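**Student:** Shown below is the structure under consideration.
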Amino acid sequence: MAGSRALVAAFVGIGAYLGSIEILLVALADADGEPYWAGYALAAWALGSAAAALLAGPHLGRLAPERVFVPAMAWMTGCGLLLPLAGPKLPLVIACFLAGIGAAPSLSSGFSLLGRRTAGASEGMSWASSGMGAGTTIGAFSGGWLADRTGSGAAFWLCVVFGAAALTIAWRATSGGDAGTAAQPSA
């Protein structure tokens, strides 16, 4: 059950990462007087995620989720480092597209892992969704609070912190022995 708790904590971190990015994109685009750029950036994120799901999904689906979860999260978090450095408009849209590539593989492999470590897929999905919901609330609140106080792209460092925390928790939850055989359904 300890591995399940750690994965739920990773989903809280993923939710905080995503929630902070969503609110920061909107807040900072609005502060720049061009709120429509947030829509382009969010669409680019979704496009990156969809492209990964459609193009790489069938290949990644053949791998054990333990082999996909952490590398996909590392990609998403690593590309999240581009957000505070990107600046407005097109570089930000490109950074969002690149970070989005890791989203679908992270989520699908994480859901699969949690389904294996709980009584079944339904329970795993409910725990993961609850964790993400809580994390999204934390990320949106703290991202909005920080954006109101700083009013700059430096607020994107918050999502990097959330992503790094989620990545660290996920890595620890899936490393240490053979996570594939250590994961037994809970009673």
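Just so we're on the same page: first chain in the structure tokens is A, next is B, and so on; residues restart at 1 for each chain, and ligands are numbered from 1 in the order they show up.
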With a distance cut-off of 7 Å and only C-alpha atoms, select the neighbouring residues of region 89-106 of chain A, excluding the residue or stretch itself and same-chain residues fewer than 6 positions from it, and output the selection as a PyMOL selection string.
**Tutor:** chain A and resi 37+40-41+44-49+51-53+68-69+72-73+75-76+79-80+82-83
**Student:** Save the residues we just selected, N, CA and C atoms, as an mmCIF file, in the first residue's frame?
**Tutor:**
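Wrote it out as result15.cif, contents follow:
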data_model
loop_
_atom_site.group_PDB
_atom_site.id
_atom_site.type_symbol
_atom_site.label_atom_id
_atom_site.label_comp_id
_atom_site.auth_asym_id
_atom_site.auth_seq_id
_atom_site.Cartn_x
_atom_site.Cartn_y
_atom_site.Cartn_z
ATOM 1 N N TRP A 37 -3.242 34.914 -25.951
ATOM 2 C CA TRP A 37 -2.048 34.077 -26.049
ATOM 3 C C TRP A 37 -2.114 32.888 -25.106
ATOM 4 N N TYR A 40 -3.669 30.103 -27.034
ATOM 5 C CA TYR A 40 -2.717 29.460 -27.952
ATOM 6 C C TYR A 40 -1.763 28.531 -27.199
ATOM 7 N N ALA A 41 -1.285 28.989 -26.036
ATOM 8 C CA ALA A 41 -0.351 28.178 -25.259
ATOM 9 C C ALA A 41 -1.024 26.909 -24.730
ATOM 10 N N ALA A 44 -1.521 24.555 -27.572
ATOM 11 C CA ALA A 44 -0.253 23.915 -27.933
ATOM 12 C C ALA A 44 0.063 22.784 -26.963
ATOM 13 N N TRP A 45 -0.205 23.002 -25.680
ATOM 14 C CA TRP A 45 0.007 21.947 -24.683
ATOM 15 C C TRP A 45 -0.853 20.729 -25.034
ATOM 16 N N ALA A 46 -2.111 20.973 -25.303
ATOM 17 C CA ALA A 46 -3.027 19.879 -25.644
ATOM 18 C C ALA A 46 -2.597 19.177 -26.923
ATOM 19 N N LEU A 47 -2.118 19.943 -27.885
ATOM 20 C CA LEU A 47 -1.641 19.350 -29.142
ATOM 21 C C LEU A 47 -0.429 18.463 -28.910
ATOM 22 N N GLY A 48 0.505 18.914 -28.078
ATOM 23 C CA GLY A 48 1.676 18.096 -27.756
ATOM 24 C C GLY A 48 1.279 16.801 -27.078
ATOM 25 N N SER A 49 0.337 16.900 -26.149
ATOM 26 C CA SER A 49 -0.136 15.711 -25.449
ATOM 27 C C SER A 49 -0.858 14.762 -26.397
ATOM 28 N N ALA A 51 -0.495 14.561 -29.660
ATOM 29 C CA ALA A 51 0.479 13.991 -30.602
ATOM 30 C C ALA A 51 1.207 12.818 -29.958
ATOM 31 N N ALA A 52 1.619 12.974 -28.702
ATOM 32 C CA ALA A 52 2.298 11.872 -28.011
ATOM 33 C C ALA A 52 1.370 10.673 -27.865
ATOM 34 N N ALA A 53 0.117 10.922 -27.534
ATOM 35 C CA ALA A 53 -0.834 9.824 -27.357
ATOM 36 C C ALA A 53 -1.082 9.091 -28.667
ATOM 37 N N VAL A 68 7.774 3.859 -18.437
ATOM 38 C CA VAL A 68 7.280 5.045 -19.137
ATOM 39 C C VAL A 68 7.022 6.205 -18.175
ATOM 40 N N PHE A 69 6.504 5.900 -16.987
ATOM 41 C CA PHE A 69 6.017 6.924 -16.068
ATOM 42 C C PHE A 69 7.075 7.981 -15.731
ATOM 43 N N ALA A 72 8.609 9.957 -18.846
ATOM 44 C CA ALA A 72 7.641 10.909 -19.409
ATOM 45 C C ALA A 72 7.465 12.105 -18.482
ATOM 46 N N MET A 73 7.437 11.855 -17.171
ATOM 47 C CA MET A 73 7.348 12.957 -16.218
ATOM 48 C C MET A 73 8.606 13.812 -16.263
ATOM 49 N N TRP A 75 10.457 14.329 -18.864
ATOM 50 C CA TRP A 75 10.336 15.149 -20.072
ATOM 51 C C TRP A 75 9.425 16.354 -19.810
ATOM 52 N N MET A 76 8.257 16.073 -19.244
ATOM 53 C CA MET A 76 7.284 17.131 -18.992
ATOM 54 C C MET A 76 7.864 18.176 -18.032
ATOM 55 N N CYS A 79 10.869 20.099 -19.739
ATOM 56 C CA CYS A 79 10.381 21.115 -20.679
ATOM 57 C C CYS A 79 9.679 22.249 -19.937
ATOM 58 N N GLY A 80 9.150 21.949 -18.751
ATOM 59 C CA GLY A 80 8.568 22.999 -17.926
ATOM 60 C C GLY A 80 9.602 24.038 -17.523
ATOM 61 N N LEU A 82 11.518 25.386 -19.481
ATOM 62 C CA LEU A 82 11.526 26.375 -20.554
ATOM 63 C C LEU A 82 10.522 27.500 -20.314
ATOM 64 N N LEU A 83 9.470 27.221 -19.551
ATOM 65 C CA LEU A 83 8.399 28.198 -19.369
ATOM 66 C C LEU A 83 8.879 29.507 -18.743
#
**Student:** Applying 7 Å and only C-alpha atoms, which residues near Leu28 (chain A) remain after dropping the ones on its own chain fewer than 2 positions away? List them as a list in words.
**Tutor:**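 Skipping anything fewer than 2 positions along the chain leaves Leu24, Leu25, Val26, Asp30, Ala31, Asp32, Gly151, Ser152 and Gly153 of chain A.
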**Student:** Within 10 Å of Arg5 (chain A), counting only C-alpha atoms, which residues show up once you throw out same-chain ones fewer than 2 positions away? Write them as a list in words, please.
**Tutor:** Met1, Ala2, Gly3, Leu7, Val8, Ala9, Ala10, Phe11, Leu114, Arg117, Thr118, Trp127, Ala128, Gly131 and Ala173 of chain A
**Student:** Near Pro65 (chain A), within 10 Å and counting only C-alpha atoms, which residues show up once chain neighbours fewer than 6 positions away are dropped, as a PyMOL selection string?
**Tutor:** chain A and resi 105-106+108-114+116+174+179-180
**Student:** DSSP on the backbone: what in chain A comes out alpha helix (DSSP H), as JSON, numbers by chain?
**Tutor:** {"A": [2, 3, 4, 5, 6, 7, 8, 9, 10, 11, 12, 13, 14, 15, 16, 17, 18, 19, 20, 21, 22, 23, 24, 25, 26, 27, 28, 29, 30, 31, 36, 37, 38, 39, 40, 41, 42, 43, 44, 45, 46, 47, 48, 49, 50, 51, 57, 58, 59, 60, 65, 66, 67, 68, 69, 70, 71, 72, 73, 74, 75, 76, 77, 78, 79, 80, 82, 83, 84, 85, 86, 90, 91, 92, 93, 94, 95, 96, 97, 98, 99, 100, 103, 104, 105, 106, 107, 108, 109, 110, 111, 112, 113, 114, 115, 116, 117, 121, 122, 123, 124, 125, 126, 127, 128, 129, 130, 131, 132, 133, 134, 135, 136, 137, 138, 139, 140, 141, 142, 143, 144, 145, 146, 147, 148, 149, 150, 157, 158, 159, 160, 161, 162, 163, 164, 165, 166, 167, 168, 169, 170, 171, 172, 173, 174, 179, 180, 181, 182]}
**Student:** Find the spatial neighbours of Gly139 (chain A), counting only C-alpha atoms, within a cut-off of 10 Å - ignore same-chain residues fewer than 3 positions away - and output them as a list of chain:residue names.
**Tutor:**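 Returned residues: A:Val12, A:Gly13, A:Ile14, A:Gly15, A:Ala16, A:Tyr17, A:Leu18, A:Gly19, A:Ser20, A:Ile21, A:Glu22, A:Ile23, A:Leu24, A:Gly133, A:Ala134, A:Gly135, A:Thr136, A:Ser142, A:Gly143, A:Gly144, A:Trp145, A:Leu158, A:Cys159, A:Phe162.
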